[in-house]
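Shown next: input-v5.pdb, containing PDB, C-alpha atoms (C1' of nucleotides).
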ATOM      1  CA  MET A   3       0.000   0.000   0.000  1.00  0.00           C
ATOM      2  CA  LYS A   4       1.102   3.560  -0.686  1.00  0.00           C
ATOM      3  CA  ASN A   5      -0.091   6.868   0.693  1.00  0.00           C
ATOM      4  CA  LYS A   6       0.061  10.610   0.170  1.00  0.00           C
ATOM      5  CA  ILE A   7       0.396  11.662   3.771  1.00  0.00           C
ATOM      6  CA  LYS A   8       3.548  13.660   3.155  1.00  0.00           C
ATOM      7  CA  ILE A   9       1.844  15.623   0.370  1.00  0.00           C
ATOM      8  CA  GLU A  10      -1.247  16.286   2.457  1.00  0.00           C
ATOM      9  CA  ARG A  11       0.953  17.394   5.332  1.00  0.00           C
ATOM     10  CA  ALA A  12       2.653  19.843   3.008  1.00  0.00           C
ATOM     11  CA  ILE A  13      -0.687  21.185   1.765  1.00  0.00           C
ATOM     12  CA  HIS A  14      -1.832  21.764   5.310  1.00  0.00           C
ATOM     13  CA  ASP A  15       1.604  22.796   6.555  1.00  0.00           C
ATOM     14  CA  PHE A  16       1.748  20.220   9.313  1.00  0.00           C
ATOM     15  CA  THR A  17       4.934  18.675  10.673  1.00  0.00           C
ATOM     16  CA  GLN A  18       4.982  14.956  11.407  1.00  0.00           C
ATOM     17  CA  ALA A  19       4.703  15.879  15.072  1.00  0.00           C
ATOM     18  CA  ASP A  20       1.658  18.074  14.386  1.00  0.00           C
ATOM     19  CA  LEU A  21      -0.129  15.300  12.586  1.00  0.00           C
ATOM     20  CA  ALA A  22       0.845  12.735  15.198  1.00  0.00           C
ATOM     21  CA  GLU A  23      -0.598  14.862  17.955  1.00  0.00           C
ATOM     22  CA  LYS A  24      -3.804  15.599  16.057  1.00  0.00           C
ATOM     23  CA  ILE A  25      -4.625  11.980  15.442  1.00  0.00           C
ATOM     24  CA  GLY A  26      -3.211  10.652  18.686  1.00  0.00           C
ATOM     25  CA  VAL A  27      -0.207   8.563  17.700  1.00  0.00           C
ATOM     26  CA  SER A  28       3.540   8.940  18.118  1.00  0.00           C
ATOM     27  CA  ARG A  29       5.614  10.932  15.652  1.00  0.00           C
ATOM     28  CA  GLN A  30       7.509   7.781  14.713  1.00  0.00           C
ATOM     29  CA  THR A  31       4.243   6.164  13.699  1.00  0.00           C
ATOM     30  CA  ILE A  32       3.649   8.966  11.208  1.00  0.00           C
ATOM     31  CA  ASN A  33       7.190   8.752   9.937  1.00  0.00           C
ATOM     32  CA  ALA A  34       6.971   4.987   9.517  1.00  0.00           C
ATOM     33  CA  MET A  35       3.660   5.275   7.691  1.00  0.00           C
ATOM     34  CA  GLU A  36       5.068   7.829   5.278  1.00  0.00           C
ATOM     35  CA  LYS A  37       8.055   5.625   4.613  1.00  0.00           C
ATOM     36  CA  ASN A  38       5.775   2.636   4.059  1.00  0.00           C
ATOM     37  CA  LYS A  39       7.255   0.703   6.933  1.00  0.00           C
ATOM     38  CA  TYR A  40       3.855  -0.587   7.909  1.00  0.00           C
ATOM     39  CA  VAL A  41       0.193  -0.494   7.118  1.00  0.00           C
ATOM     40  CA  PRO A  42      -1.858   1.659   9.477  1.00  0.00           C
ATOM     41  CA  SER A  43      -5.129   0.536  10.993  1.00  0.00           C
ATOM     42  CA  THR A  44      -8.409   1.578   9.429  1.00  0.00           C
ATOM     43  CA  VAL A  45      -9.069   3.857  12.395  1.00  0.00           C
ATOM     44  CA  LEU A  46      -5.925   5.824  11.586  1.00  0.00           C
ATOM     45  CA  ALA A  47      -6.774   5.964   7.891  1.00  0.00           C
ATOM     46  CA  LEU A  48     -10.242   7.305   8.680  1.00  0.00           C
ATOM     47  CA  LYS A  49      -8.865   9.891  11.090  1.00  0.00           C
ATOM     48  CA  ILE A  50      -6.210  11.092   8.652  1.00  0.00           C
ATOM     49  CA  ALA A  51      -8.668  11.274   5.765  1.00  0.00           C
ATOM     50  CA  LYS A  52     -11.135  13.181   7.922  1.00  0.00           C
ATOM     51  CA  LEU A  53      -8.481  15.613   9.085  1.00  0.00           C
ATOM     52  CA  PHE A  54      -7.396  16.299   5.521  1.00  0.00           C
ATOM     53  CA  GLY A  55     -10.950  16.519   4.240  1.00  0.00           C
ATOM     54  CA  LYS A  56     -10.558  13.830   1.620  1.00  0.00           C
ATOM     55  CA  PRO A  57     -11.838  10.279   1.180  1.00  0.00           C
ATOM     56  CA  VAL A  58      -9.582   7.465   2.352  1.00  0.00           C
ATOM     57  CA  GLU A  59      -9.136   6.346  -1.262  1.00  0.00           C
ATOM     58  CA  GLU A  60      -7.548   9.660  -2.194  1.00  0.00           C
ATOM     59  CA  ILE A  61      -4.864   9.260   0.442  1.00  0.00           C
ATOM     60  CA  PHE A  62      -4.275   5.497   0.649  1.00  0.00           C
ATOM     61  CA  PHE A  63      -3.804   3.236  -2.376  1.00  0.00           C
ATOM     62  CA  LEU A  64      -3.554  -0.480  -2.868  1.00  0.00           C
ATOM     63  CA  ASP A  65      -0.522  -1.553  -4.891  1.00  0.00           C
ATOM     64  CA  SER A  66       0.667  -4.772  -6.462  1.00  0.00           C
ATOM     65  CA  ASP A  67       1.928  -6.153  -3.126  1.00  0.00           C
ATOM     66  CA  ASP A  68      -1.571  -6.076  -1.735  1.00  0.00           C
TER      67      ASP A  68
ATOM     68  CA  MET B  20     -15.034   1.677  14.937  1.00  0.00           C
ATOM     69  CA  LYS B  21     -18.111   0.128  13.397  1.00  0.00           C
ATOM     70  CA  ASN B  22     -18.732  -1.355   9.969  1.00  0.00           C
ATOM     71  CA  LYS B  23     -21.454  -2.524   7.608  1.00  0.00           C
ATOM     72  CA  ILE B  24     -19.750  -5.606   6.296  1.00  0.00           C
ATOM     73  CA  LYS B  25     -22.620  -7.880   7.205  1.00  0.00           C
ATOM     74  CA  ILE B  26     -25.074  -5.675   5.321  1.00  0.00           C
ATOM     75  CA  GLU B  27     -22.842  -5.463   2.267  1.00  0.00           C
ATOM     76  CA  ARG B  28     -22.414  -9.224   2.357  1.00  0.00           C
ATOM     77  CA  ALA B  29     -26.170  -9.610   2.359  1.00  0.00           C
ATOM     78  CA  ILE B  30     -26.555  -7.206  -0.576  1.00  0.00           C
ATOM     79  CA  HIS B  31     -24.000  -9.152  -2.581  1.00  0.00           C
ATOM     80  CA  ASP B  32     -25.110 -12.524  -1.209  1.00  0.00           C
ATOM     81  CA  PHE B  33     -21.690 -13.521   0.038  1.00  0.00           C
ATOM     82  CA  THR B  34     -21.047 -15.828   2.952  1.00  0.00           C
ATOM     83  CA  GLN B  35     -18.297 -14.954   5.402  1.00  0.00           C
ATOM     84  CA  ALA B  36     -16.213 -17.658   3.741  1.00  0.00           C
ATOM     85  CA  ASP B  37     -16.849 -16.152   0.288  1.00  0.00           C
ATOM     86  CA  LEU B  38     -15.690 -12.745   1.407  1.00  0.00           C
ATOM     87  CA  ALA B  39     -12.705 -14.159   3.255  1.00  0.00           C
ATOM     88  CA  GLU B  40     -11.541 -15.970   0.167  1.00  0.00           C
ATOM     89  CA  LYS B  41     -12.059 -12.984  -2.117  1.00  0.00           C
ATOM     90  CA  ILE B  42      -9.966 -10.658  -0.013  1.00  0.00           C
ATOM     91  CA  GLY B  43      -7.470 -13.254   1.134  1.00  0.00           C
ATOM     92  CA  VAL B  44      -8.037 -13.619   4.868  1.00  0.00           C
ATOM     93  CA  SER B  45      -9.422 -16.365   7.075  1.00  0.00           C
ATOM     94  CA  ARG B  46     -13.139 -16.717   7.677  1.00  0.00           C
ATOM     95  CA  GLN B  47     -12.602 -16.016  11.380  1.00  0.00           C
ATOM     96  CA  THR B  48     -11.076 -12.688  10.496  1.00  0.00           C
ATOM     97  CA  ILE B  49     -14.270 -11.695   8.687  1.00  0.00           C
ATOM     98  CA  ASN B  50     -16.399 -12.927  11.544  1.00  0.00           C
ATOM     99  CA  ALA B  51     -14.314 -11.052  14.107  1.00  0.00           C
ATOM    100  CA  MET B  52     -14.441  -7.870  12.049  1.00  0.00           C
ATOM    101  CA  GLU B  53     -18.226  -8.062  11.788  1.00  0.00           C
ATOM    102  CA  LYS B  54     -18.487  -8.588  15.524  1.00  0.00           C
ATOM    103  CA  ASN B  55     -16.176  -5.639  16.165  1.00  0.00           C
ATOM    104  CA  LYS B  56     -13.585  -7.770  17.880  1.00  0.00           C
ATOM    105  CA  TYR B  57     -10.801  -5.869  16.212  1.00  0.00           C
ATOM    106  CA  VAL B  58      -9.920  -3.131  13.784  1.00  0.00           C
ATOM    107  CA  PRO B  59      -8.803  -4.330  10.357  1.00  0.00           C
ATOM    108  CA  SER B  60      -5.811  -2.919   8.528  1.00  0.00           C
ATOM    109  CA  THR B  61      -6.266  -0.220   5.904  1.00  0.00           C
ATOM    110  CA  VAL B  62      -5.372  -2.724   3.195  1.00  0.00           C
ATOM    111  CA  LEU B  63      -8.347  -4.857   4.202  1.00  0.00           C
ATOM    112  CA  ALA B  64     -10.647  -1.840   4.366  1.00  0.00           C
ATOM    113  CA  LEU B  65      -9.582  -0.767   0.875  1.00  0.00           C
ATOM    114  CA  LYS B  66     -10.052  -4.273  -0.512  1.00  0.00           C
ATOM    115  CA  ILE B  67     -13.478  -4.686   1.040  1.00  0.00           C
ATOM    116  CA  ALA B  68     -14.633  -1.249  -0.122  1.00  0.00           C
ATOM    117  CA  LYS B  69     -13.369  -1.942  -3.618  1.00  0.00           C
ATOM    118  CA  LEU B  70     -15.085  -5.315  -3.728  1.00  0.00           C
ATOM    119  CA  PHE B  71     -18.378  -3.794  -2.638  1.00  0.00           C
ATOM    120  CA  GLY B  72     -18.013  -0.805  -4.944  1.00  0.00           C
ATOM    121  CA  LYS B  73     -18.340   1.795  -2.212  1.00  0.00           C
ATOM    122  CA  PRO B  74     -15.952   4.235  -0.549  1.00  0.00           C
ATOM    123  CA  VAL B  75     -14.291   3.123   2.669  1.00  0.00           C
ATOM    124  CA  GLU B  76     -16.258   5.765   4.581  1.00  0.00           C
ATOM    125  CA  GLU B  77     -19.551   4.160   3.601  1.00  0.00           C
ATOM    126  CA  ILE B  78     -18.528   0.842   5.109  1.00  0.00           C
ATOM    127  CA  PHE B  79     -16.308   1.770   8.057  1.00  0.00           C
ATOM    128  CA  PHE B  80     -17.177   4.447  10.636  1.00  0.00           C
ATOM    129  CA  LEU B  81     -15.326   6.047  13.488  1.00  0.00           C
ATOM    130  CA  ASP B  82     -17.228   5.986  16.765  1.00  0.00           C
ATOM    131  CA  SER B  83     -16.795   7.554  20.176  1.00  0.00           C
ATOM    132  CA  ASP B  84     -14.145   5.024  21.225  1.00  0.00           C
ATOM    133  CA  ASP B  85     -11.867   6.200  18.455  1.00  0.00           C
TER     134      ASP B  85
ATOM    135  C1'  DA C  26      28.406  29.800  10.828  1.00  0.00           C
ATOM    136  C1'  DC C  27      25.245  28.837  14.408  1.00  0.00           C
ATOM    137  C1'  DT C  28      20.932  27.276  16.445  1.00  0.00           C
ATOM    138  C1'  DT C  29      16.555  25.275  16.246  1.00  0.00           C
ATOM    139  C1'  DT C  30      13.281  22.502  14.055  1.00  0.00           C
ATOM    140  C1'  DT C  31      12.198  18.691  11.462  1.00  0.00           C
ATOM    141  C1'  DT C  32      12.987  14.302   9.705  1.00  0.00           C
ATOM    142  C1'  DG C  33      15.127   9.610   9.544  1.00  0.00           C
ATOM    143  C1'  DT C  34      16.187   5.633  11.913  1.00  0.00           C
ATOM    144  C1'  DA C  35      16.873   1.848  15.271  1.00  0.00           C
ATOM    145  C1'  DA C  36      16.253  -1.297  19.194  1.00  0.00           C
ATOM    146  C1'  DA C  37      13.360  -3.100  22.751  1.00  0.00           C
ATOM    147  C1'  DG C  38       9.015  -3.572  24.488  1.00  0.00           C
ATOM    148  C1'  DT C  39       3.741  -3.855  24.524  1.00  0.00           C
ATOM    149  C1'  DT C  40      -0.448  -4.388  22.357  1.00  0.00           C
ATOM    150  C1'  DT C  41      -3.333  -5.868  18.766  1.00  0.00           C
ATOM    151  C1'  DA C  42      -4.349  -8.135  14.249  1.00  0.00           C
ATOM    152  C1'  DT C  43      -4.572 -12.380  11.938  1.00  0.00           C
ATOM    153  C1'  DT C  44      -4.087 -17.497  11.408  1.00  0.00           C
ATOM    154  C1'  DT C  45      -4.949 -22.187  12.496  1.00  0.00           C
ATOM    155  C1'  DT C  46      -7.535 -25.735  14.458  1.00  0.00           C
ATOM    156  C1'  DA C  47     -11.434 -27.138  16.388  1.00  0.00           C
ATOM    157  C1'  DC C  48     -16.047 -27.445  18.002  1.00  0.00           C
ATOM    158  C1'  DA C  49     -20.824 -25.752  19.141  1.00  0.00           C
ATOM    159  C1'  DT C  50     -24.860 -23.367  17.582  1.00  0.00           C
ATOM    160  C1'  DT C  51     -27.870 -21.580  14.314  1.00  0.00           C
ATOM    161  C1'  DT C  52     -30.061 -21.317   9.845  1.00  0.00           C
ATOM    162  C1'  DA C  53     -31.724 -23.122   5.464  1.00  0.00           C
ATOM    163  C1'  DG C  54     -32.951 -26.877   2.414  1.00  0.00           C
ATOM    164  C1'  DT C  55     -35.302 -31.217   1.581  1.00  0.00           C
TER     165       DT C  55
ATOM    166  C1'  DA D   5     -36.938 -34.510  11.602  1.00  0.00           C
ATOM    167  C1'  DC D   6     -32.705 -34.786   9.080  1.00  0.00           C
ATOM    168  C1'  DT D   7     -28.778 -32.863   6.742  1.00  0.00           C
ATOM    169  C1'  DA D   8     -25.800 -29.553   5.106  1.00  0.00           C
ATOM    170  C1'  DA D   9     -24.284 -24.952   5.153  1.00  0.00           C
ATOM    171  C1'  DA D  10     -23.347 -20.933   7.683  1.00  0.00           C
ATOM    172  C1'  DT D  11     -22.181 -18.581  11.729  1.00  0.00           C
ATOM    173  C1'  DG D  12     -20.304 -17.919  16.490  1.00  0.00           C
ATOM    174  C1'  DT D  13     -16.667 -18.650  19.444  1.00  0.00           C
ATOM    175  C1'  DA D  14     -12.315 -19.916  21.783  1.00  0.00           C
ATOM    176  C1'  DA D  15      -7.436 -21.001  22.687  1.00  0.00           C
ATOM    177  C1'  DA D  16      -2.775 -20.970  21.148  1.00  0.00           C
ATOM    178  C1'  DA D  17       0.458 -19.292  18.071  1.00  0.00           C
ATOM    179  C1'  DT D  18       2.567 -15.878  14.907  1.00  0.00           C
ATOM    180  C1'  DA D  19       2.944 -11.528  12.637  1.00  0.00           C
ATOM    181  C1'  DA D  20       2.410  -6.881  12.595  1.00  0.00           C
ATOM    182  C1'  DA D  21       1.135  -2.282  14.537  1.00  0.00           C
ATOM    183  C1'  DC D  22       2.424   1.084  17.658  1.00  0.00           C
ATOM    184  C1'  DT D  23       5.106   3.197  21.703  1.00  0.00           C
ATOM    185  C1'  DT D  24       9.092   4.825  24.034  1.00  0.00           C
ATOM    186  C1'  DT D  25      13.645   6.371  24.231  1.00  0.00           C
ATOM    187  C1'  DA D  26      17.326   7.963  22.035  1.00  0.00           C
ATOM    188  C1'  DC D  27      20.398   9.735  18.658  1.00  0.00           C
ATOM    189  C1'  DA D  28      21.993  11.203  13.968  1.00  0.00           C
ATOM    190  C1'  DA D  29      21.191  13.790   9.816  1.00  0.00           C
ATOM    191  C1'  DA D  30      19.063  17.201   7.208  1.00  0.00           C
ATOM    192  C1'  DA D  31      16.585  21.449   6.572  1.00  0.00           C
ATOM    193  C1'  DA D  32      15.257  26.046   7.788  1.00  0.00           C
ATOM    194  C1'  DG D  33      15.782  30.379  10.285  1.00  0.00           C
ATOM    195  C1'  DT D  34      18.640  34.137  11.891  1.00  0.00           C
TER     196       DT D  34
END

How does this structure look as structure tokens?
Amino acid sequence: MKNKIKIERAIHDFTQADLAEKIGVSRQTINAMEKNKYVPSTVLALKIAKLFGKPVEEIFFLDSDD
Amino acid sequence: MKNKIKIERAIHDFTQADLAEKIGVSRQTINAMEKNKYVPSTVLALKIAKLFGKPVEEIFFLDSDD
DNA sequence: ACTTTTTGTAAAGTTTATTTTACATTTAGT
DNA sequence: ACTAAATGTAAAATAAACTTTACAAAAAGT
């Protein structure tokens, strides 16, 4: 799976720490998600999509590994 | 988090085993998801939404616990 | 150039997702 | 009523998410 969290963060001018605090996870969790080190839970995906005002599908994408 | 997997299964006339096979998880995983025993990964949410032809947000919902 | 902020990364630990096996209960078909 | 299919559930095991602490590197501000 891929995601556009880094781009959305840039649009909204959030640091990783900002985003982490807003959705209630550690900064390293955000960093790891951006670097595709693991797949976040659906709760996190929904929270991030809601925060950025876009549907989950516009931020998270299935790829060939999935 | 809540979900409408059971309803979508009914609409598409899938058994839990059908759905499990189509998205590549065990039947117990589907059952547990329907019974809100745990939160699925975003990959599973995307696959299920895609299979049912609806956005993730129409199948999975944040609730007060999240 | 210096300082601060932000990002990348890593190891160890805890919690939670997911699988496997297995069985009991319910539902649907005949 | 009988049978088969579908669902609920549970325990043990494994994999993966997520946290915490900590430090190094890069980027941005002055």

List, as number ranges by chain, every residue that the PyMOL selection byres ((chain A) within 10 of (chain D)) selects in the file provided. A: 27-31, 40-43

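This file, filtered with the PyMOL selection byres ((chain C) within 12 of (chain B)), gives the residues DT41, DA42, DT43, DT44, DT45 and DT46 of chain C.
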
Hey, can you spit out that residue selection with C-alpha atoms (C1' of nucleotides) as a short mmCIF file (atom, residue, chain, number, x, y, z; two decimals), in the frame of the given file?
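To be explicit, this is the file written out as part_15.cif:
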data_model
loop_
_atom_site.label_atom_id
_atom_site.label_comp_id
_atom_site.auth_asym_id
_atom_site.auth_seq_id
_atom_site.Cartn_x
_atom_site.Cartn_y
_atom_site.Cartn_z
"C1'" DT C 41 -3.33 -5.87 18.77
"C1'" DA C 42 -4.35 -8.14 14.25
"C1'" DT C 43 -4.57 -12.38 11.94
"C1'" DT C 44 -4.09 -17.50 11.41
"C1'" DT C 45 -4.95 -22.19 12.50
"C1'" DT C 46 -7.54 -25.74 14.46
#

The coordinates of chain A, once least-squares superposed on chain B over all sequentially paired C-alpha atoms, should be supplied as a short mmCIF file (atom, residue, chain, number, x, y, z; two decimals) with C-alpha atoms, keeping the file's coordinate frame.
data_model
loop_
_atom_site.label_atom_id
_atom_site.label_comp_id
_atom_site.auth_asym_id
_atom_site.auth_seq_id
_atom_site.Cartn_x
_atom_site.Cartn_y
_atom_site.Cartn_z
CA MET A 3 -15.05 1.71 14.94
CA LYS A 4 -18.13 0.14 13.39
CA ASN A 5 -18.75 -1.35 9.97
CA LYS A 6 -21.46 -2.51 7.61
CA ILE A 7 -19.76 -5.60 6.29
CA LYS A 8 -22.63 -7.88 7.21
CA ILE A 9 -25.09 -5.67 5.32
CA GLU A 10 -22.85 -5.46 2.27
CA ARG A 11 -22.41 -9.22 2.36
CA ALA A 12 -26.17 -9.60 2.36
CA ILE A 13 -26.55 -7.20 -0.58
CA HIS A 14 -24.02 -9.16 -2.57
CA ASP A 15 -25.13 -12.53 -1.21
CA PHE A 16 -21.71 -13.53 0.04
CA THR A 17 -21.07 -15.84 2.98
CA GLN A 18 -18.30 -14.95 5.42
CA ALA A 19 -16.24 -17.65 3.75
CA ASP A 20 -16.87 -16.15 0.30
CA LEU A 21 -15.71 -12.75 1.41
CA ALA A 22 -12.72 -14.16 3.25
CA GLU A 23 -11.57 -15.99 0.16
CA LYS A 24 -12.08 -12.99 -2.11
CA ILE A 25 -9.97 -10.67 -0.03
CA GLY A 26 -7.47 -13.27 1.11
CA VAL A 27 -8.04 -13.64 4.84
CA SER A 28 -9.44 -16.38 7.06
CA ARG A 29 -13.16 -16.72 7.66
CA GLN A 30 -12.61 -16.03 11.36
CA THR A 31 -11.05 -12.70 10.47
CA ILE A 32 -14.25 -11.69 8.69
CA ASN A 33 -16.37 -12.92 11.56
CA ALA A 34 -14.27 -11.05 14.10
CA MET A 35 -14.41 -7.86 12.05
CA GLU A 36 -18.19 -8.05 11.80
CA LYS A 37 -18.45 -8.58 15.52
CA ASN A 38 -16.12 -5.65 16.15
CA LYS A 39 -13.53 -7.80 17.85
CA TYR A 40 -10.75 -5.89 16.19
CA VAL A 41 -9.93 -3.13 13.79
CA PRO A 42 -8.82 -4.31 10.36
CA SER A 43 -5.82 -2.91 8.55
CA THR A 44 -6.26 -0.22 5.93
CA VAL A 45 -5.36 -2.73 3.23
CA LEU A 46 -8.34 -4.86 4.21
CA ALA A 47 -10.64 -1.84 4.37
CA LEU A 48 -9.57 -0.77 0.89
CA LYS A 49 -10.03 -4.27 -0.50
CA ILE A 50 -13.48 -4.68 1.04
CA ALA A 51 -14.62 -1.25 -0.11
CA LYS A 52 -13.35 -1.95 -3.61
CA LEU A 53 -15.07 -5.31 -3.74
CA PHE A 54 -18.36 -3.79 -2.66
CA GLY A 55 -18.00 -0.81 -4.95
CA LYS A 56 -18.31 1.79 -2.23
CA PRO A 57 -15.94 4.24 -0.55
CA VAL A 58 -14.28 3.12 2.67
CA GLU A 59 -16.26 5.77 4.58
CA GLU A 60 -19.55 4.16 3.59
CA ILE A 61 -18.53 0.85 5.10
CA PHE A 62 -16.31 1.78 8.06
CA PHE A 63 -17.19 4.44 10.64
CA LEU A 64 -15.35 6.05 13.49
CA ASP A 65 -17.26 5.99 16.77
CA SER A 66 -16.83 7.58 20.17
CA ASP A 67 -14.18 5.03 21.23
CA ASP A 68 -11.91 6.20 18.46
#

Would you mind listing, as a list in words, all residues of chain B that have at least one atom within 9 Å of chain A, where all atoms listed in the file are what counts? Met20, Val58, Pro59, Ser60, Thr61, Val62, Leu63, Ala64, Leu65, Lys66, Pro74, Val75, Glu76, Phe79, Phe80, Leu81 and Asp85 of chain B

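Counting from CA of Asn33 (chain A), the distance to CA of Gln18 (chain A) is 6.7 Å.
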
Tell me, in Å to one decimal, how far CA of Ile7 (chain A) is from CA of Glu36 (chain A).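 Computed distance, CA of Ile7 (chain A) to CA of Glu36 (chain A), equals 6.2 Å.
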
State, in Å with one decimal place, the distance from CA of Ala22 (chain A) to CA of Ile50 (chain A).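 According to the coordinates, CA of Ala22 (chain A) and CA of Ile50 (chain A) are separated by 9.8 Å.
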
Kindly list the centre and edge lengths in Å, rounded to one decimal, for the axis-aligned box that covers all listed atoms of region 10-14 of chain D plus 3 Å on each of its six sides, as AutoDock Vina command-line options.
--center_x -17.8 --center_y -19.4 --center_z 14.7 --size_x 17.0 --size_y 9.0 --size_z 20.1

Hey, what's within 12 Å of Ile13 (chain A) if we count only C-alpha atoms (C1' of nucleotides) and toss same-chain stuff fewer than 5 positions away? As a ChimeraX atom specification, please? /A:6-8,54-55
